[in-house]
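Accompanying notes for the structure given below.
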There are 2 protein chains.
Amino acid sequence: MASGSSSICGIGHLQKECYYEWMRTQSKHIVDLKEVLMSQRSNAYDHHKLEELVGRIVNDFQNYADKRSELADRSCSSYFAPSWNSSLENGLLWMGGCRPSSFMRIIYALCGSHAETQLSQYLLKMDGEVVDGHDGDSSMSELNATQLAKINDLHVEVIDKEDKLSKLSANMQEDVADMPIAVTAFSRDSVEADVAVEDALDKHEEGMAVLIADADKLRLETLKKIVEVLTPVQAAEFLLSGKRLHVSLHEWGRVREERRFGCARAEDAAAARGGAGKSKRSATC
Amino acid sequence: MASGSSSICGIGHLQKECYYEWMRTQSKHIVDLKEVLMSQRSNAYDHHKLEELVGRIVNDFQNYADKRSELADRSCSSYFAPSWNSSLENGLLWMGGCRPSSFMRIIYALCGSHAETQLSQYLLKMDGEVVDGHDGDSSMSELNATQLAKINDLHVEVIDKEDKLSKLSANMQEDVADMPIAVTAFSRDSVEADVAVEDALDKHEEGMAVLIADADKLRLETLKKIVEVLTPVQAAEFLLSGKRLHVSLHEWGRVREERRFGCARAEDAAAARGGAGKSKRSATC
């Protein structure tokens, strides 16, 4: 059974390929980040290597955003609900990607989780029980007050910028129910689009492509600012958790959809095995 | 070539059928509205019939929203980017449907367009040229100051309610990057979801289904309030233009996608011909 995405040719195919290439790059990032964090724990820590890796990952995101923006200029609408995403992921989309404010939530979640683990380890130690040091090795719980304050300020700033972009998007959506589109739809019996409508829809899509580029810029800018606030080890942990969350949500969404709808999307499943799905193997190796 | 939507079985199939049934109902509404508006212009106007039709259309929307809400309770994510929509339509979606504030924009567009037509007709009459009375017969330009003020107040109120729902949705999206989801993704090598993650994702989807139901409630409530402000003839014109806009956008999006991607989504095209596409014939008959 072929998937709908199989019938998307040309630009749609390029967009999908661009996404799967990014997922493969992220799988490589996960392996590299794990390796460097493991070496840090085993005292074979190379500060320079870690900083170089974090810089490269941020740079890779910039390259992906540039490529995506170029493809969005040619056809932008597909980025608002990509065929390669599960419904779960599309329900989580904001301007064709994740909310930049969710980066901060990942940091808070990791901080809280590590603080909790440390507390329970402390209590277990008091009871003389053996402790598995895995989470205790994390440096995210060592985020100091100055760092947390900076992350909080950034959170507020980013939410404000997100709101502004959401407002612009809402206005653009409303504009479609204005002249000439609504009036043409009303005044003509035929549902064929005339030149005025085609021009208005082209203009609408161009505006949406600019919005996606602005949102990608905000995502990248937020990522860079977070990395500046964190130590290189913390930055590596943060990037690792963000990438694992993305890869996991892609897989969880696919599995839930398969289970719920009682049948698989064959091509996506194959792509997941051969493309982004490699992340599954990479993540487990 | 089969479409991806063809591989969505069970609940997905029911959701798609529910949507196409609604599109068929809307096509019937378009024919009925045109008929009653034509009879009004030819002095065979039946006030009671018009009011009954407007009431029935609002009621049909209520029934559709109820059915959709029931299906969203069983699987909600698909409503955020339905496979039966074109990318253009999915890019315009707000909480699984149109923005209720766009209803007001339709009214403003019709008012403006009719006022413009009346002015040009007046100028043409001054020049002694023949005038086609089609648009001049519209009653939307006769919206009085009290009605316009009420529509304006409603617009402000609706935008405020939309913003509140958008905020709730943003919070829910951010919550996914929190415990236990983010922490599970970070702390485990396997991308398989555990019970805590499955529960959290179920809870997330339940919350999103409530949001869609609230958004549908706002759409319906707004529709009812607008119909109360308008005269029955104005209400019929407003409903006709909203339905034509929906049907046209569905068709325009499909055609643009076909042209851009260089190949058709065969099943959707067939469904459009047999299902929602009937609206094309209905709209042209």
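We name chains A, B, ... following the order of the structure tokens; residues begin at 1 in each chain, and ligands are numbered from 1 as shown.
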Would you mind listing what lies within 12 Å of Gly55 of chain B as a PDB file with all heavy atoms, in the first residue's frame, with only C-alpha atoms counted and same-chain residues fewer than 2 positions away left out?
ATOM      1  N   HIS B  29     -26.483  22.873   1.045  1.00  0.00           N
ATOM      2  CA  HIS B  29     -26.791  24.193   1.611  1.00  0.00           C
ATOM      3  C   HIS B  29     -26.612  25.291   0.556  1.00  0.00           C
ATOM      4  O   HIS B  29     -27.428  26.206   0.467  1.00  0.00           O
ATOM      5  CB  HIS B  29     -25.843  24.518   2.780  1.00  0.00           C
ATOM      6  CG  HIS B  29     -26.097  23.700   4.017  1.00  0.00           C
ATOM      7  ND1 HIS B  29     -25.152  23.556   5.002  1.00  0.00           N
ATOM      8  CD2 HIS B  29     -27.176  22.981   4.421  1.00  0.00           C
ATOM      9  CE1 HIS B  29     -25.631  22.779   5.961  1.00  0.00           C
ATOM     10  NE2 HIS B  29     -26.855  22.423   5.629  1.00  0.00           N
ATOM     11  N   LEU B  33     -29.502  27.736  -0.507  1.00  0.00           N
ATOM     12  CA  LEU B  33     -29.357  29.172  -0.230  1.00  0.00           C
ATOM     13  C   LEU B  33     -29.508  29.987  -1.516  1.00  0.00           C
ATOM     14  O   LEU B  33     -30.163  31.033  -1.523  1.00  0.00           O
ATOM     15  CB  LEU B  33     -27.990  29.452   0.409  1.00  0.00           C
ATOM     16  CG  LEU B  33     -27.861  29.084   1.897  1.00  0.00           C
ATOM     17  CD1 LEU B  33     -26.392  29.036   2.326  1.00  0.00           C
ATOM     18  CD2 LEU B  33     -28.626  30.077   2.774  1.00  0.00           C
ATOM     19  N   HIS B  48     -40.662  32.858   5.772  1.00  0.00           N
ATOM     20  CA  HIS B  48     -40.636  31.716   6.681  1.00  0.00           C
ATOM     21  C   HIS B  48     -39.643  30.654   6.218  1.00  0.00           C
ATOM     22  O   HIS B  48     -38.875  30.105   7.005  1.00  0.00           O
ATOM     23  CB  HIS B  48     -42.047  31.124   6.800  1.00  0.00           C
ATOM     24  CG  HIS B  48     -42.100  29.915   7.677  1.00  0.00           C
ATOM     25  ND1 HIS B  48     -41.981  29.997   9.050  1.00  0.00           N
ATOM     26  CD2 HIS B  48     -42.224  28.601   7.368  1.00  0.00           C
ATOM     27  CE1 HIS B  48     -42.036  28.777   9.541  1.00  0.00           C
ATOM     28  NE2 HIS B  48     -42.177  27.902   8.551  1.00  0.00           N
ATOM     29  N   LYS B  49     -39.644  30.387   4.912  1.00  0.00           N
ATOM     30  CA  LYS B  49     -38.763  29.373   4.321  1.00  0.00           C
ATOM     31  C   LYS B  49     -37.288  29.764   4.524  1.00  0.00           C
ATOM     32  O   LYS B  49     -36.438  28.926   4.824  1.00  0.00           O
ATOM     33  CB  LYS B  49     -39.080  29.259   2.811  1.00  0.00           C
ATOM     34  CG  LYS B  49     -38.540  28.003   2.162  1.00  0.00           C
ATOM     35  CD  LYS B  49     -38.986  27.919   0.713  1.00  0.00           C
ATOM     36  CE  LYS B  49     -38.156  26.919  -0.046  1.00  0.00           C
ATOM     37  NZ  LYS B  49     -38.418  26.960  -1.480  1.00  0.00           N
ATOM     38  N   LEU B  50     -37.021  31.045   4.347  1.00  0.00           N
ATOM     39  CA  LEU B  50     -35.655  31.552   4.507  1.00  0.00           C
ATOM     40  C   LEU B  50     -35.175  31.371   5.952  1.00  0.00           C
ATOM     41  O   LEU B  50     -34.063  30.882   6.201  1.00  0.00           O
ATOM     42  CB  LEU B  50     -35.618  33.027   4.092  1.00  0.00           C
ATOM     43  CG  LEU B  50     -34.260  33.725   4.109  1.00  0.00           C
ATOM     44  CD1 LEU B  50     -33.265  32.995   3.236  1.00  0.00           C
ATOM     45  CD2 LEU B  50     -34.389  35.169   3.625  1.00  0.00           C
ATOM     46  N   GLU B  51     -36.023  31.762   6.889  1.00  0.00           N
ATOM     47  CA  GLU B  51     -35.649  31.637   8.314  1.00  0.00           C
ATOM     48  C   GLU B  51     -35.445  30.176   8.692  1.00  0.00           C
ATOM     49  O   GLU B  51     -34.522  29.835   9.442  1.00  0.00           O
ATOM     50  CB  GLU B  51     -36.737  32.258   9.193  1.00  0.00           C
ATOM     51  CG  GLU B  51     -36.586  33.766   9.283  1.00  0.00           C
ATOM     52  CD  GLU B  51     -37.433  34.367  10.381  1.00  0.00           C
ATOM     53  OE1 GLU B  51     -38.519  33.798  10.659  1.00  0.00           O
ATOM     54  OE2 GLU B  51     -37.034  35.394  10.955  1.00  0.00           O
ATOM     55  N   GLU B  52     -36.314  29.330   8.147  1.00  0.00           N
ATOM     56  CA  GLU B  52     -36.227  27.893   8.440  1.00  0.00           C
ATOM     57  C   GLU B  52     -34.920  27.334   7.906  1.00  0.00           C
ATOM     58  O   GLU B  52     -34.223  26.558   8.564  1.00  0.00           O
ATOM     59  CB  GLU B  52     -37.457  27.198   7.813  1.00  0.00           C
ATOM     60  CG  GLU B  52     -37.617  25.720   8.121  1.00  0.00           C
ATOM     61  CD  GLU B  52     -36.857  24.823   7.162  1.00  0.00           C
ATOM     62  OE1 GLU B  52     -36.689  25.208   5.983  1.00  0.00           O
ATOM     63  OE2 GLU B  52     -36.406  23.752   7.614  1.00  0.00           O
ATOM     64  N   LEU B  53     -34.526  27.777   6.706  1.00  0.00           N
ATOM     65  CA  LEU B  53     -33.286  27.299   6.080  1.00  0.00           C
ATOM     66  C   LEU B  53     -32.062  27.735   6.890  1.00  0.00           C
ATOM     67  O   LEU B  53     -31.168  26.917   7.177  1.00  0.00           O
ATOM     68  CB  LEU B  53     -33.187  27.831   4.637  1.00  0.00           C
ATOM     69  CG  LEU B  53     -31.898  27.483   3.890  1.00  0.00           C
ATOM     70  CD1 LEU B  53     -31.720  25.972   3.733  1.00  0.00           C
ATOM     71  CD2 LEU B  53     -31.860  28.152   2.512  1.00  0.00           C
ATOM     72  N   ILE B  57     -29.416  25.236   8.736  1.00  0.00           N
ATOM     73  CA  ILE B  57     -27.976  25.234   8.434  1.00  0.00           C
ATOM     74  C   ILE B  57     -27.151  25.351   9.729  1.00  0.00           C
ATOM     75  O   ILE B  57     -26.162  24.641   9.920  1.00  0.00           O
ATOM     76  CB  ILE B  57     -27.638  26.373   7.434  1.00  0.00           C
ATOM     77  CG1 ILE B  57     -28.178  25.991   6.049  1.00  0.00           C
ATOM     78  CG2 ILE B  57     -26.147  26.640   7.379  1.00  0.00           C
ATOM     79  CD1 ILE B  57     -28.047  27.067   5.000  1.00  0.00           C
ATOM     80  N   VAL B  58     -27.592  26.223  10.617  1.00  0.00           N
ATOM     81  CA  VAL B  58     -26.888  26.370  11.902  1.00  0.00           C
ATOM     82  C   VAL B  58     -26.975  25.049  12.671  1.00  0.00           C
ATOM     83  O   VAL B  58     -25.998  24.580  13.265  1.00  0.00           O
ATOM     84  CB  VAL B  58     -27.483  27.546  12.729  1.00  0.00           C
ATOM     85  CG1 VAL B  58     -26.895  27.579  14.130  1.00  0.00           C
ATOM     86  CG2 VAL B  58     -27.250  28.876  12.010  1.00  0.00           C
ATOM     87  N   ASN B  59     -28.136  24.453  12.618  1.00  0.00           N
ATOM     88  CA  ASN B  59     -28.358  23.173  13.294  1.00  0.00           C
ATOM     89  C   ASN B  59     -27.479  22.059  12.710  1.00  0.00           C
ATOM     90  O   ASN B  59     -26.917  21.237  13.448  1.00  0.00           O
ATOM     91  CB  ASN B  59     -29.842  22.800  13.157  1.00  0.00           C
ATOM     92  CG  ASN B  59     -30.264  21.838  14.229  1.00  0.00           C
ATOM     93  OD1 ASN B  59     -29.877  22.000  15.383  1.00  0.00           O
ATOM     94  ND2 ASN B  59     -31.020  20.815  13.840  1.00  0.00           N
ATOM     95  N   ASP B  60     -27.339  22.051  11.389  1.00  0.00           N
ATOM     96  CA  ASP B  60     -26.482  21.053  10.731  1.00  0.00           C
ATOM     97  C   ASP B  60     -25.035  21.206  11.189  1.00  0.00           C
ATOM     98  O   ASP B  60     -24.313  20.222  11.352  1.00  0.00           O
ATOM     99  CB  ASP B  60     -26.548  21.200   9.194  1.00  0.00           C
ATOM    100  CG  ASP B  60     -27.819  20.579   8.617  1.00  0.00           C
ATOM    101  OD1 ASP B  60     -28.504  19.848   9.354  1.00  0.00           O
ATOM    102  OD2 ASP B  60     -28.135  20.844   7.429  1.00  0.00           O
ATOM    103  N   PHE B  61     -24.612  22.465  11.368  1.00  0.00           N
ATOM    104  CA  PHE B  61     -23.239  22.685  11.829  1.00  0.00           C
ATOM    105  C   PHE B  61     -23.074  22.138  13.248  1.00  0.00           C
ATOM    106  O   PHE B  61     -22.062  21.528  13.577  1.00  0.00           O
ATOM    107  CB  PHE B  61     -22.868  24.178  11.772  1.00  0.00           C
ATOM    108  CG  PHE B  61     -21.437  24.426  12.189  1.00  0.00           C
ATOM    109  CD1 PHE B  61     -20.392  23.899  11.445  1.00  0.00           C
ATOM    110  CD2 PHE B  61     -21.132  25.148  13.329  1.00  0.00           C
ATOM    111  CE1 PHE B  61     -19.065  24.089  11.831  1.00  0.00           C
ATOM    112  CE2 PHE B  61     -19.810  25.340  13.724  1.00  0.00           C
ATOM    113  CZ  PHE B  61     -18.772  24.816  12.970  1.00  0.00           C
ATOM    114  N   GLN B  62     -24.110  22.345  14.067  1.00  0.00           N
ATOM    115  CA  GLN B  62     -24.087  21.802  15.442  1.00  0.00           C
ATOM    116  C   GLN B  62     -23.931  20.277  15.405  1.00  0.00           C
ATOM    117  O   GLN B  62     -23.114  19.703  16.128  1.00  0.00           O
ATOM    118  CB  GLN B  62     -25.377  22.202  16.156  1.00  0.00           C
ATOM    119  CG  GLN B  62     -25.634  21.478  17.480  1.00  0.00           C
ATOM    120  CD  GLN B  62     -24.954  22.176  18.647  1.00  0.00           C
ATOM    121  OE1 GLN B  62     -25.340  23.272  19.008  1.00  0.00           O
ATOM    122  NE2 GLN B  62     -23.938  21.553  19.221  1.00  0.00           N
ATOM    123  N   LEU B 223     -21.248  32.012  14.963  1.00  0.00           N
ATOM    124  CA  LEU B 223     -22.182  31.894  13.839  1.00  0.00           C
ATOM    125  C   LEU B 223     -23.594  32.289  14.278  1.00  0.00           C
ATOM    126  O   LEU B 223     -24.273  33.073  13.611  1.00  0.00           O
ATOM    127  CB  LEU B 223     -22.168  30.434  13.356  1.00  0.00           C
ATOM    128  CG  LEU B 223     -22.655  30.134  11.960  1.00  0.00           C
ATOM    129  CD1 LEU B 223     -21.700  30.711  10.943  1.00  0.00           C
ATOM    130  CD2 LEU B 223     -22.756  28.619  11.740  1.00  0.00           C
ATOM    131  N   LYS B 224     -24.006  31.756  15.433  1.00  0.00           N
ATOM    132  CA  LYS B 224     -25.361  32.043  15.935  1.00  0.00           C
ATOM    133  C   LYS B 224     -25.525  33.532  16.227  1.00  0.00           C
ATOM    134  O   LYS B 224     -26.556  34.131  15.905  1.00  0.00           O
ATOM    135  CB  LYS B 224     -25.626  31.235  17.212  1.00  0.00           C
ATOM    136  CG  LYS B 224     -25.967  29.777  16.944  1.00  0.00           C
ATOM    137  CD  LYS B 224     -26.242  29.052  18.246  1.00  0.00           C
ATOM    138  CE  LYS B 224     -26.656  27.611  18.014  1.00  0.00           C
ATOM    139  NZ  LYS B 224     -26.720  26.834  19.260  1.00  0.00           N
ATOM    140  N   VAL B 227     -25.832  35.528  13.004  1.00  0.00           N
ATOM    141  CA  VAL B 227     -27.164  35.327  12.390  1.00  0.00           C
ATOM    142  C   VAL B 227     -28.222  36.148  13.133  1.00  0.00           C
ATOM    143  O   VAL B 227     -29.149  36.686  12.515  1.00  0.00           O
ATOM    144  CB  VAL B 227     -27.504  33.812  12.360  1.00  0.00           C
ATOM    145  CG1 VAL B 227     -28.966  33.575  12.089  1.00  0.00           C
ATOM    146  CG2 VAL B 227     -26.645  33.102  11.315  1.00  0.00           C
ATOM    147  N   GLU B 228     -28.052  36.280  14.447  1.00  0.00           N
ATOM    148  CA  GLU B 228     -29.001  37.089  15.234  1.00  0.00           C
ATOM    149  C   GLU B 228     -28.930  38.573  14.856  1.00  0.00           C
ATOM    150  O   GLU B 228     -29.944  39.265  14.860  1.00  0.00           O
ATOM    151  CB  GLU B 228     -28.690  36.947  16.738  1.00  0.00           C
ATOM    152  CG  GLU B 228     -29.340  35.728  17.366  1.00  0.00           C
ATOM    153  CD  GLU B 228     -28.818  35.460  18.777  1.00  0.00           C
ATOM    154  OE1 GLU B 228     -28.345  36.403  19.437  1.00  0.00           O
ATOM    155  OE2 GLU B 228     -28.855  34.287  19.198  1.00  0.00           O
ATOM    156  N   PRO B 232     -32.661  37.969   7.944  1.00  0.00           N
ATOM    157  CA  PRO B 232     -32.599  36.624   7.353  1.00  0.00           C
ATOM    158  C   PRO B 232     -31.934  36.609   5.971  1.00  0.00           C
ATOM    159  O   PRO B 232     -31.160  35.713   5.669  1.00  0.00           O
ATOM    160  CB  PRO B 232     -34.071  36.207   7.273  1.00  0.00           C
ATOM    161  CG  PRO B 232     -34.739  36.965   8.362  1.00  0.00           C
ATOM    162  CD  PRO B 232     -34.027  38.281   8.434  1.00  0.00           C
ATOM    163  N   ALA B 235     -28.254  37.061   6.477  1.00  0.00           N
ATOM    164  CA  ALA B 235     -27.710  35.825   7.064  1.00  0.00           C
ATOM    165  C   ALA B 235     -27.512  34.769   5.973  1.00  0.00           C
ATOM    166  O   ALA B 235     -26.495  34.069   5.940  1.00  0.00           O
ATOM    167  CB  ALA B 235     -28.643  35.302   8.154  1.00  0.00           C
ATOM    168  N   ALA B 236     -28.487  34.685   5.064  1.00  0.00           N
ATOM    169  CA  ALA B 236     -28.387  33.699   3.981  1.00  0.00           C
ATOM    170  C   ALA B 236     -27.190  34.030   3.084  1.00  0.00           C
ATOM    171  O   ALA B 236     -26.446  33.135   2.676  1.00  0.00           O
ATOM    172  CB  ALA B 236     -29.685  33.695   3.173  1.00  0.00           C
ATOM    173  N   LEU B 239     -23.973  33.125   5.001  1.00  0.00           N
ATOM    174  CA  LEU B 239     -23.757  31.670   5.043  1.00  0.00           C
ATOM    175  C   LEU B 239     -23.328  31.152   3.674  1.00  0.00           C
ATOM    176  O   LEU B 239     -22.421  30.321   3.565  1.00  0.00           O
ATOM    177  CB  LEU B 239     -25.038  30.948   5.501  1.00  0.00           C
ATOM    178  CG  LEU B 239     -25.411  31.125   6.979  1.00  0.00           C
ATOM    179  CD1 LEU B 239     -26.803  30.550   7.242  1.00  0.00           C
ATOM    180  CD2 LEU B 239     -24.391  30.439   7.890  1.00  0.00           C
TER     181      LEU B 239
END
A straight line from atom CA of Leu93 of chain A to atom CA of Tyr19 of chain B spans 22.4 Å
In terms of only C-alpha atoms, the residue from B:Cys98, B:Ala109, B:Ile30, B:Leu168 at minimal distance from Phe80 of chain B is B:Cys98
Students should find that atom CA of Ser77 of chain B and atom CA of Asn85 of chain A are spaced 11.5 Å
Using only C-alpha atoms, the best pick from A:Asn144, A:Leu88, A:Glu162, A:Trp22 as closest to Asp216 of chain A would be A:Glu162
Set the distance at 8 Å and use only C-alpha atoms: which residues neighbour segment 176-187 of chain B once local chain neighbours fewer than 6 positions away are removed? I'd like the list as a PyMOL selection string. (chain A and resi 102-103+105-106+108-110+113+240-242+244-245+248) or (chain B and resi 196-197+200-201+204)
Margin query: List the spatial neighbours of segment 16-18 of chain B as a count of residues only - criterion: any atom at most 8 Å away, only C-alpha atoms, same-chain residues fewer than 6 positions off excluded.
Written below: 4
Near Ala209 of chain B, within 6 Å and counting only C-alpha atoms, which residues show up once chain neighbours fewer than 4 positions away are dropped, as a PDB file with N, CA, C and O atoms, in the first residue's frame?
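File written: result_0.pdb
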ATOM      1  N   ALA B  72     -13.155  12.967  17.676  1.00  0.00           N
ATOM      2  CA  ALA B  72     -11.902  13.551  18.186  1.00  0.00           C
ATOM      3  C   ALA B  72     -11.557  12.953  19.549  1.00  0.00           C
ATOM      4  O   ALA B  72     -10.383  12.801  19.892  1.00  0.00           O
ATOM      5  N   ASP B  73     -12.590  12.592  20.311  1.00  0.00           N
ATOM      6  CA  ASP B  73     -12.355  11.958  21.620  1.00  0.00           C
ATOM      7  C   ASP B  73     -11.616  10.636  21.445  1.00  0.00           C
ATOM      8  O   ASP B  73     -10.851  10.227  22.306  1.00  0.00           O
ATOM      9  N   CYS B  76      -7.662  12.437  18.340  1.00  0.00           N
ATOM     10  CA  CYS B  76      -7.800  13.874  18.114  1.00  0.00           C
ATOM     11  C   CYS B  76      -6.735  14.459  17.199  1.00  0.00           C
ATOM     12  O   CYS B  76      -6.997  15.385  16.439  1.00  0.00           O
TER      13      CYS B  76
END
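We find atom CA of Leu37 of chain B and atom CA of Leu249 of chain B to be spaced 22.8 Å apart.
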